[in-house]
file final.txt (compact mmCIF, C-alpha atoms and all ligand atoms)
# COMPACT_ATOMS: atom_id res chain seq x y z
CA MET A 1 -4.48 48.80 48.31
CA ALA A 2 -3.70 51.61 45.89
CA ASN A 3 -2.44 54.91 47.24
CA ILE A 4 -4.73 57.65 46.04
CA VAL A 5 -4.37 61.38 46.65
CA ALA A 6 -7.39 63.54 45.81
CA ILE A 7 -7.08 67.29 45.36
CA VAL A 8 -10.27 69.09 46.35
CA GLY A 9 -11.20 72.72 46.74
CA ARG A 10 -13.24 75.46 45.16
CA PRO A 11 -12.61 76.48 41.53
CA ASN A 12 -9.54 78.53 40.63
CA VAL A 13 -7.41 77.75 43.66
CA GLY A 14 -4.88 75.87 41.49
CA LYS A 15 -5.84 72.20 41.80
CA SER A 16 -5.10 71.40 38.15
CA THR A 17 -1.81 73.31 38.28
CA LEU A 18 -0.64 71.16 41.19
CA PHE A 19 -1.98 68.01 39.52
CA ASN A 20 -0.01 68.76 36.36
CA ARG A 21 3.11 69.39 38.40
CA LEU A 22 2.77 66.11 40.29
CA ILE A 23 1.87 63.69 37.53
CA GLU A 24 4.26 62.06 35.13
CA LYS A 25 2.33 62.97 31.99
CA ARG A 26 0.13 65.98 31.44
CA LYS A 27 -3.34 64.53 31.59
CA ALA A 28 -5.60 67.21 32.98
CA ILE A 29 -7.44 69.47 30.62
CA MET A 30 -6.67 73.03 31.64
CA ASP A 31 -9.10 75.79 30.95
CA ASP A 32 -7.13 78.89 31.80
CA GLU A 33 -9.88 81.34 30.96
CA SER A 34 -12.46 80.06 33.40
CA GLY A 35 -10.04 78.30 35.73
CA VAL A 36 -12.17 75.18 35.78
CA THR A 37 -11.66 71.60 34.83
CA ARG A 38 -14.93 69.88 34.12
CA ASP A 39 -14.00 66.27 34.56
CA ARG A 40 -12.04 64.29 37.07
CA HIS A 41 -8.60 63.30 35.95
CA TYR A 42 -6.26 60.62 37.16
CA GLY A 43 -2.50 60.67 36.93
CA TYR A 44 0.41 58.74 38.31
CA ALA A 45 3.04 60.29 40.54
CA GLU A 46 6.09 59.28 42.52
CA TRP A 47 7.89 60.87 45.46
CA THR A 48 10.97 59.49 47.21
CA GLY A 49 10.31 56.08 45.68
CA LYS A 50 6.65 55.94 46.70
CA HIS A 51 4.09 55.63 43.91
CA PHE A 52 0.57 56.99 44.04
CA THR A 53 -2.40 58.03 41.94
CA VAL A 54 -3.52 61.66 41.94
CA ILE A 55 -7.12 62.71 41.31
CA ASP A 56 -7.81 66.21 40.08
CA THR A 57 -11.43 66.83 41.05
CA GLY A 58 -13.37 68.99 38.67
CA GLY A 59 -14.83 71.65 40.85
CA TYR A 60 -17.06 72.75 38.03
CA VAL A 61 -19.32 74.94 40.10
CA THR A 62 -21.79 77.30 38.54
CA GLY A 63 -25.19 78.84 39.10
CA SER A 64 -27.16 78.99 42.30
CA GLU A 65 -26.15 78.55 45.92
CA ASP A 66 -27.92 75.18 45.87
CA LYS A 67 -25.67 74.01 43.05
CA PHE A 68 -22.60 75.12 44.97
CA GLU A 69 -23.72 73.05 47.87
CA SER A 70 -24.55 69.92 45.90
CA GLU A 71 -21.42 70.14 43.75
CA ILE A 72 -19.24 70.46 46.83
CA ARG A 73 -20.88 67.50 48.47
CA HIS A 74 -20.58 65.42 45.33
CA GLN A 75 -16.93 66.29 44.81
CA VAL A 76 -15.95 65.72 48.39
CA GLU A 77 -17.95 62.52 48.73
CA LEU A 78 -16.27 61.02 45.67
CA ALA A 79 -12.88 62.04 47.04
CA LEU A 80 -13.65 60.61 50.46
CA GLU A 81 -14.74 57.33 48.91
CA GLU A 82 -11.76 56.85 46.66
CA ALA A 83 -8.86 58.62 48.27
CA THR A 84 -6.32 57.48 50.81
CA VAL A 85 -5.24 61.06 51.42
CA ILE A 86 -7.01 64.34 50.67
CA LEU A 87 -5.37 67.62 49.75
CA PHE A 88 -7.76 70.44 50.58
CA MET A 89 -6.57 73.41 48.55
CA VAL A 90 -7.25 77.06 49.33
CA ASP A 91 -5.91 80.23 47.71
CA SER A 92 -3.65 82.42 49.86
CA PHE A 93 -3.96 85.25 47.35
CA ALA A 94 -7.76 85.31 47.45
CA GLY A 95 -7.91 84.56 51.17
CA LEU A 96 -10.55 82.65 53.10
CA THR A 97 -13.98 82.40 51.44
CA ASP A 98 -17.38 81.03 52.44
CA LEU A 99 -16.97 78.25 49.91
CA ASP A 100 -13.72 77.18 51.62
CA LYS A 101 -15.66 77.00 54.89
CA ASP A 102 -18.30 74.81 53.19
CA PHE A 103 -15.62 72.42 52.00
CA ALA A 104 -14.02 72.33 55.44
CA LYS A 105 -17.35 71.50 57.06
CA VAL A 106 -17.74 68.41 54.87
CA LEU A 107 -14.09 67.38 55.09
CA ARG A 108 -14.11 67.50 58.87
CA THR A 109 -16.51 64.54 58.82
CA SER A 110 -13.83 62.40 57.10
CA ASN A 111 -11.65 59.99 59.00
CA LYS A 112 -9.02 60.13 56.25
CA PRO A 113 -5.94 62.34 56.50
CA VAL A 114 -6.65 65.82 55.13
CA TYR A 115 -3.82 68.24 54.37
CA LEU A 116 -4.72 71.92 54.19
CA VAL A 117 -2.74 73.31 51.26
CA ALA A 118 -2.53 77.10 50.86
CA ASN A 119 -1.62 77.54 47.21
CA LYS A 120 -0.34 80.68 45.45
CA ALA A 121 2.01 81.28 48.38
CA ASP A 122 4.53 82.57 45.85
CA THR A 123 6.21 85.05 48.19
CA THR A 124 7.22 85.20 51.85
CA GLU A 125 4.42 87.70 52.43
CA ARG A 126 1.85 85.29 50.98
CA ILE A 127 3.23 82.47 53.11
CA HIS A 128 2.59 84.61 56.20
CA MET A 129 -0.87 85.59 54.94
CA ALA A 130 -1.76 81.91 54.69
CA SER A 131 -1.99 81.75 58.50
CA GLU A 132 -5.54 83.12 58.22
CA PHE A 133 -6.59 79.61 57.17
CA TYR A 134 -6.04 78.38 60.73
CA ALA A 135 -9.58 79.71 61.20
CA LEU A 136 -10.79 76.66 59.24
CA GLY A 137 -9.81 74.48 62.16
CA MET A 138 -8.10 71.97 59.89
CA GLY A 139 -4.75 71.96 61.68
CA GLU A 140 -1.41 72.63 60.05
CA ILE A 141 -1.18 74.68 56.86
CA TYR A 142 1.09 73.73 53.99
CA PRO A 143 1.86 76.87 52.00
CA ILE A 144 2.88 76.01 48.46
CA SER A 145 3.24 77.58 45.05
CA SER A 146 1.98 75.18 42.41
CA ALA A 147 3.32 77.60 39.84
CA SER A 148 6.95 77.43 41.04
CA GLY A 149 6.81 74.18 43.00
CA SER A 150 8.01 75.74 46.24
CA GLY A 151 6.68 74.03 49.35
CA THR A 152 5.50 70.98 47.42
CA GLY A 153 8.42 68.85 48.64
CA GLU A 154 7.59 69.48 52.30
CA LEU A 155 3.95 68.62 51.58
CA LEU A 156 4.75 65.41 49.71
CA ASP A 157 7.17 64.29 52.44
CA GLN A 158 4.20 64.27 54.81
CA VAL A 159 1.71 62.82 52.31
CA VAL A 160 3.81 59.76 51.43
CA LYS A 161 4.16 58.86 55.13
CA ASN A 162 0.62 57.49 54.75
CA PHE A 163 1.74 54.96 52.10
P1 LIG B 201 -8.39 74.92 39.59
O1 LIG B 201 -9.67 75.51 39.09
O2 LIG B 201 -8.43 74.78 41.08
O3 LIG B 201 -8.02 73.64 38.91
O4 LIG B 201 -7.24 76.00 39.29
P2 LIG B 201 -6.19 76.05 38.08
O5 LIG B 201 -5.09 75.08 38.28
O6 LIG B 201 -6.94 76.00 36.80
O7 LIG B 201 -5.56 77.49 38.34
C1 LIG B 201 -6.38 78.67 38.38
C2 LIG B 201 -5.50 79.87 38.12
O8 LIG B 201 -4.56 80.05 39.18
C3 LIG B 201 -4.68 79.75 36.82
O9 LIG B 201 -4.66 81.01 36.20
C4 LIG B 201 -3.30 79.36 37.34
O10 LIG B 201 -2.28 79.77 36.47
C5 LIG B 201 -3.24 80.11 38.67
N1 LIG B 201 -2.31 79.48 39.63
C6 LIG B 201 -2.25 78.16 39.95
N2 LIG B 201 -1.28 77.94 40.87
C7 LIG B 201 -0.71 79.13 41.13
C8 LIG B 201 0.34 79.57 42.01
O11 LIG B 201 0.99 78.80 42.73
N3 LIG B 201 0.60 80.90 42.04
C9 LIG B 201 -0.07 81.79 41.25
N4 LIG B 201 0.26 83.07 41.35
N5 LIG B 201 -1.06 81.42 40.41
C10 LIG B 201 -1.37 80.12 40.34
MG MG B 202 -9.06 72.54 37.55
call {"tool": "encode", "arguments": {"input": "final.txt", "output": "structure tokens"}}
result
Amino acid sequence: MANIVAIVGRPNVGKSTLFNRLIEKRKAIMDDESGVTRDRHYGYAEWTGKHFTVIDTGGYVTGSEDKFESEIRHQVELALEEATVILFMVDSFAGLTDLDKDFAKVLRTSNKPVYLVANKADTTERIHMASEFYALGMGEIYPISSASGSGTGELLDQVVKNF
């Protein structure tokens, strides 16, 4: 069976930035102004000799609370269906939000491995701030900076253990 890693999380946390860092060719369409990627994108990645597919979920969320809810469910359900491993990304600069809690609620129902990734942990201070995400009850936190790549090695070491 194929090894598939899905990156999920609310808009603007840095999913596409991590996706672009992980994949061999730049396939995601970045929209820097709005911080959203409308479609799902697939790319191929390799770490320590293990090959896997990465899915960048769109997270195109707009409009009413109802839409938030249905978009989250849709995104997470697709990820749960397809993925072997799920990276649940939050933003350590923005801190914990209600939308993160909504994602966590849905992800907790999954029996697939979920890694809680605190992105934008660019500095030591931000890495420490990321501990607030323990409140999500999702276990260990992986602080990373998708921008610089720091922390991504430690995360991938754990992720590829599933393959
Ligand atoms: P997405 O909506 O979750 O796909 O988020 P994007 O990848 O489009 O990133 C949203 C914004 O966060 C962009 O302006 C990125 O440049 C920025 N960003 C992504 N990763 C990092 C990071 O590790 N550190 C910082 N400081 N900014 C980041
Ligand atoms: Mg995106």
call {"tool": "closest_residue", "arguments": {"input": "final.txt", "among": "A:Val13, A:Leu116, A:Ala147, A:Leu22", "to": "Val85 of chain A", "atoms": "all atoms listed in the file"}}
result
A:Leu116
call {"tool": "residues_near_point", "arguments": {"input": "final.txt", "point": "(2.5, 74.9, 49.3)", "cutoff": "6 Å", "atoms": "all atoms listed in the file", "output": "number ranges by chain"}}
result
A: 117-119, 142-145, 151-152
call {"tool": "closest_residue", "arguments": {"input": "final.txt", "among": "A:Lys15, A:Ala2, A:Gln158, A:Ile127", "to": "ligand MG 202 (chain B)", "atoms": "all atoms listed in the file"}}
result
A:Lys15
call {"tool": "atom_distance", "arguments": {"input": "final.txt", "atom1": "atom CA of Ala6 of chain A", "atom2": "atom CA of Glu81 of chain A"}}
result
10.1 Å
call {"tool": "closest_residue", "arguments": {"input": "final.txt", "among": "A:Gly139, A:Gly43, A:Gly9, A:Gly49", "to": "Ile86 of chain A", "atoms": "only C-alpha atoms"}}
result
A:Gly9
call {"tool": "closest_residue", "arguments": {"input": "final.txt", "among": "A:Pro113, A:Gly153, A:Gly14, A:Gly95", "to": "Tyr134 of chain A", "atoms": "all atoms listed in the file"}}
result
A:Gly95
call {"tool": "atom_distance", "arguments": {"input": "final.txt", "atom1": "atom O6 of ligand LIG 201 (chain B)", "atom2": "atom CA of Pro11 of chain A"}}
result
7.4 Å
call {"tool": "residues_around", "arguments": {"input": "final.txt", "residues": "Arg21 of chain A", "least_positions_apart": "4", "cutoff": "10 Å", "atoms": "only C-alpha atoms", "output": "number ranges by chain"}}
result
A: 15-17, 25-26, 45, 146-149, 152
call {"tool": "axis_aligned_box", "arguments": {"input": "final.txt", "around": "ligand LIG 201 (chain B)", "padding_each_side": "5 Å", "output": "AutoDock Vina command-line options"}}
result
--center_x -4.3 --center_y 78.4 --center_z 39.5 --size_x 20.7 --size_y 19.4 --size_z 16.5
call {"tool": "atom_distance", "arguments": {"input": "final.txt", "atom1": "atom C3 of ligand LIG 201 (chain B)", "atom2": "atom CA of Asn12 of chain A"}}
result
6.3 Å
call {"tool": "residues_near_point", "arguments": {"input": "final.txt", "point": "(-14.4, 69.6, 58.7)", "cutoff": "12 Å", "atoms": "only C-alpha atoms", "output": "CSV table (one decimal) with C-alpha atoms, keeping the file's coordinate frame"}}
result
chain,number,residue,atom,x,y,z
A,76,VAL,CA,-16.0,65.7,48.4
A,88,PHE,CA,-7.8,70.4,50.6
A,100,ASP,CA,-13.7,77.2,51.6
A,101,LYS,CA,-15.7,77.0,54.9
A,102,ASP,CA,-18.3,74.8,53.2
A,103,PHE,CA,-15.6,72.4,52.0
A,104,ALA,CA,-14.0,72.3,55.4
A,105,LYS,CA,-17.4,71.5,57.1
A,106,VAL,CA,-17.7,68.4,54.9
A,107,LEU,CA,-14.1,67.4,55.1
A,108,ARG,CA,-14.1,67.5,58.9
A,109,THR,CA,-16.5,64.5,58.8
A,110,SER,CA,-13.8,62.4,57.1
A,111,ASN,CA,-11.6,60.0,59.0
A,112,LYS,CA,-9.0,60.1,56.2
A,113,PRO,CA,-5.9,62.3,56.5
A,114,VAL,CA,-6.6,65.8,55.1
A,115,TYR,CA,-3.8,68.2,54.4
A,116,LEU,CA,-4.7,71.9,54.2
A,135,ALA,CA,-9.6,79.7,61.2
A,136,LEU,CA,-10.8,76.7,59.2
A,137,GLY,CA,-9.8,74.5,62.2
A,138,MET,CA,-8.1,72.0,59.9
A,139,GLY,CA,-4.8,72.0,61.7
call {"tool": "closest_residue", "arguments": {"input": "final.txt", "among": "A:Glu24, A:Asp91, A:Glu71, A:Glu82", "to": "ligand LIG 201 (chain B)", "atoms": "all atoms listed in the file"}}
result
A:Asp91
